[in-house]
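Trainee: Pasting a structure here, questions to come.
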Amino acid sequence: MGEESIYNLLPSVRQPEAKNPRYKSVFNDAVKEQYKSHKTASKTMGPAKVPLNETSDFMTKRAKEPVLPEKAPFNRPNADQKRPPVPKKDEKPVMGLKSNKNFIHTNAVENIMSVSKKPQPKYVDTPGGTTNNLEDSGLVPKFIKKDNYGTVPKYLETRKKQMEEHQKSYDAYIQQRMEKGALNQISAAERQATLDGLKKNWEELHLQYQGLSVVTDTAPKKARKERMEAEMKQLEKDIDTIEKHKIIYVTDNF
């Protein structure tokens, strides 16, 4: 502790802390100019000083009432379809008109020659017996009544022609290569023997794969399992390729 002194009782003048100069961006002026260029004057708060109206421009009576358009005669849209007027009380109907038509005979002939009306097909979908129109329900196969039902679409015919042309081009190319001796076609027996050999190899490999340990906790076990899976997948791919193609060509440079 320092020694006691009367001077310690006097208030000491606190020196202000020196502060670093305030940071000011070099783009400050450019940002201000850009902000002012895109700003609309008096957009939110209105003008600073609102100009006052002249003393002679005061609001008069009914100045804010809506101005109605001029009165025009009203014409109904169906005026041309207006029914004839009701006859007046002093107008008399035309009397004495007679007809030689036999209405009983005419009605009988019309009923005999007319075709009976078919009932509209309906279906019931509730226990209470609610009926609905069957034609609009989607339960009737209307597509079988179309004119083009059962015909081959045009795009399938076009696709078939394109496949035939491609097959002809491919056969011509293979024939040309065979004439040059670059390709040899394997027989059906060789193809079947190759296919049987691939299937046998797959079965043997699959038997070994089933004998692997369930837990692959070491790197050799994991590597062996992955290698056997890759070989089985390659054999399956080769078997699928041979089964899809009945004719197989082998090149001498293979």
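In the structure tokens, the first chain shown is A, the next is B, and so on; residue numbers restart at 1 for each chain, and ligands run from 1 in the order shown.
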When DSSP is applied to the backbone of this structure, which of range 26-163 of chain A are assigned helix (DSSP H, G or I)? Write them out as a PyMOL selection string.
Mentor: chain A and resi 28-37+79-81+103-113+142-145+154-163
Trainee: Save out the residues we just selected, C-alpha atoms, as a PDB file, in the first residue's frame.
Mentor:
```pdb
ATOM      1  CA  ASN A  28     -18.865   5.046 -49.526  1.00  0.00           C
ATOM      2  CA  ASP A  29     -19.336   7.832 -52.068  1.00  0.00           C
ATOM      3  CA  ALA A  30     -20.059   5.421 -54.919  1.00  0.00           C
ATOM      4  CA  VAL A  31     -22.718   3.603 -52.868  1.00  0.00           C
ATOM      5  CA  LYS A  32     -24.396   6.884 -51.947  1.00  0.00           C
ATOM      6  CA  GLU A  33     -24.538   7.987 -55.569  1.00  0.00           C
ATOM      7  CA  GLN A  34     -25.962   4.636 -56.654  1.00  0.00           C
ATOM      8  CA  TYR A  35     -28.579   4.714 -53.871  1.00  0.00           C
ATOM      9  CA  LYS A  36     -29.680   8.219 -54.821  1.00  0.00           C
ATOM     10  CA  SER A  37     -29.891   7.346 -58.528  1.00  0.00           C
ATOM     11  CA  ALA A  79     -85.931  -8.287 -78.505  1.00  0.00           C
ATOM     12  CA  ASP A  80     -86.092 -10.121 -81.850  1.00  0.00           C
ATOM     13  CA  GLN A  81     -87.365 -13.251 -80.069  1.00  0.00           C
ATOM     14  CA  PHE A 103    -105.891 -38.153 -86.324  1.00  0.00           C
ATOM     15  CA  ILE A 104    -106.764 -41.606 -84.956  1.00  0.00           C
ATOM     16  CA  HIS A 105    -105.445 -43.373 -88.058  1.00  0.00           C
ATOM     17  CA  THR A 106    -102.365 -41.145 -88.232  1.00  0.00           C
ATOM     18  CA  ASN A 107    -101.450 -41.749 -84.602  1.00  0.00           C
ATOM     19  CA  ALA A 108    -101.913 -45.505 -85.006  1.00  0.00           C
ATOM     20  CA  VAL A 109     -99.619 -45.601 -88.068  1.00  0.00           C
ATOM     21  CA  GLU A 110     -96.950 -43.511 -86.349  1.00  0.00           C
ATOM     22  CA  ASN A 111     -96.954 -45.776 -83.293  1.00  0.00           C
ATOM     23  CA  ILE A 112     -96.751 -48.922 -85.430  1.00  0.00           C
ATOM     24  CA  MET A 113     -93.857 -47.618 -87.545  1.00  0.00           C
ATOM     25  CA  LYS A 142     -65.770 -47.784 -75.384  1.00  0.00           C
ATOM     26  CA  PHE A 143     -62.337 -48.244 -76.950  1.00  0.00           C
ATOM     27  CA  ILE A 144     -63.360 -51.579 -78.491  1.00  0.00           C
ATOM     28  CA  LYS A 145     -66.026 -49.739 -80.506  1.00  0.00           C
ATOM     29  CA  LYS A 154     -48.493 -46.588 -87.716  1.00  0.00           C
ATOM     30  CA  TYR A 155     -45.500 -45.946 -85.475  1.00  0.00           C
ATOM     31  CA  LEU A 156     -45.116 -49.705 -84.891  1.00  0.00           C
ATOM     32  CA  GLU A 157     -45.171 -50.374 -88.641  1.00  0.00           C
ATOM     33  CA  THR A 158     -42.551 -47.661 -89.173  1.00  0.00           C
ATOM     34  CA  ARG A 159     -40.450 -49.111 -86.365  1.00  0.00           C
ATOM     35  CA  LYS A 160     -40.727 -52.593 -87.872  1.00  0.00           C
ATOM     36  CA  LYS A 161     -39.559 -51.358 -91.285  1.00  0.00           C
ATOM     37  CA  GLN A 162     -36.613 -49.563 -89.713  1.00  0.00           C
ATOM     38  CA  MET A 163     -35.588 -52.693 -87.798  1.00  0.00           C
TER      39      MET A 163
END
```
Trainee: Taking 6 positions as the minimum chain separation for residues in the same chain, which residues sit within 10 Å of Lys199 in chain A when counting only C-alpha atoms? Answer as a PyMOL selection string.
Mentor: chain A and resi 193+205+235-236+238-239
Trainee: Selection from above, N, CA, C and O atoms, as an mmCIF file, in the first residue's frame, can you write it?
Mentor:
```cif
data_model
loop_
_atom_site.group_PDB
_atom_site.id
_atom_site.type_symbol
_atom_site.label_atom_id
_atom_site.label_comp_id
_atom_site.auth_asym_id
_atom_site.auth_seq_id
_atom_site.Cartn_x
_atom_site.Cartn_y
_atom_site.Cartn_z
ATOM 1 N N ALA A 193 -22.303 -75.675 -76.100
ATOM 2 C CA ALA A 193 -21.226 -76.127 -75.215
ATOM 3 C C ALA A 193 -20.651 -74.961 -74.418
ATOM 4 O O ALA A 193 -20.352 -75.085 -73.216
ATOM 5 N N LEU A 205 -18.776 -71.578 -58.837
ATOM 6 C CA LEU A 205 -18.414 -70.365 -58.123
ATOM 7 C C LEU A 205 -19.476 -69.991 -57.085
ATOM 8 O O LEU A 205 -19.157 -69.520 -55.988
ATOM 9 N N LEU A 235 -19.985 -63.658 -65.295
ATOM 10 C CA LEU A 235 -20.520 -64.884 -65.885
ATOM 11 C C LEU A 235 -22.004 -64.742 -66.221
ATOM 12 O O LEU A 235 -22.458 -65.194 -67.281
ATOM 13 N N GLU A 236 -22.774 -64.095 -65.349
ATOM 14 C CA GLU A 236 -24.195 -63.864 -65.637
ATOM 15 C C GLU A 236 -24.373 -62.975 -66.868
ATOM 16 O O GLU A 236 -25.266 -63.210 -67.687
ATOM 17 N N ASP A 238 -22.244 -62.731 -69.410
ATOM 18 C CA ASP A 238 -21.888 -63.516 -70.593
ATOM 19 C C ASP A 238 -22.989 -64.509 -70.952
ATOM 20 O O ASP A 238 -23.315 -64.694 -72.140
ATOM 21 N N ILE A 239 -23.582 -65.156 -69.956
ATOM 22 C CA ILE A 239 -24.670 -66.112 -70.214
ATOM 23 C C ILE A 239 -25.860 -65.406 -70.835
ATOM 24 O O ILE A 239 -26.470 -65.902 -71.796
#
```
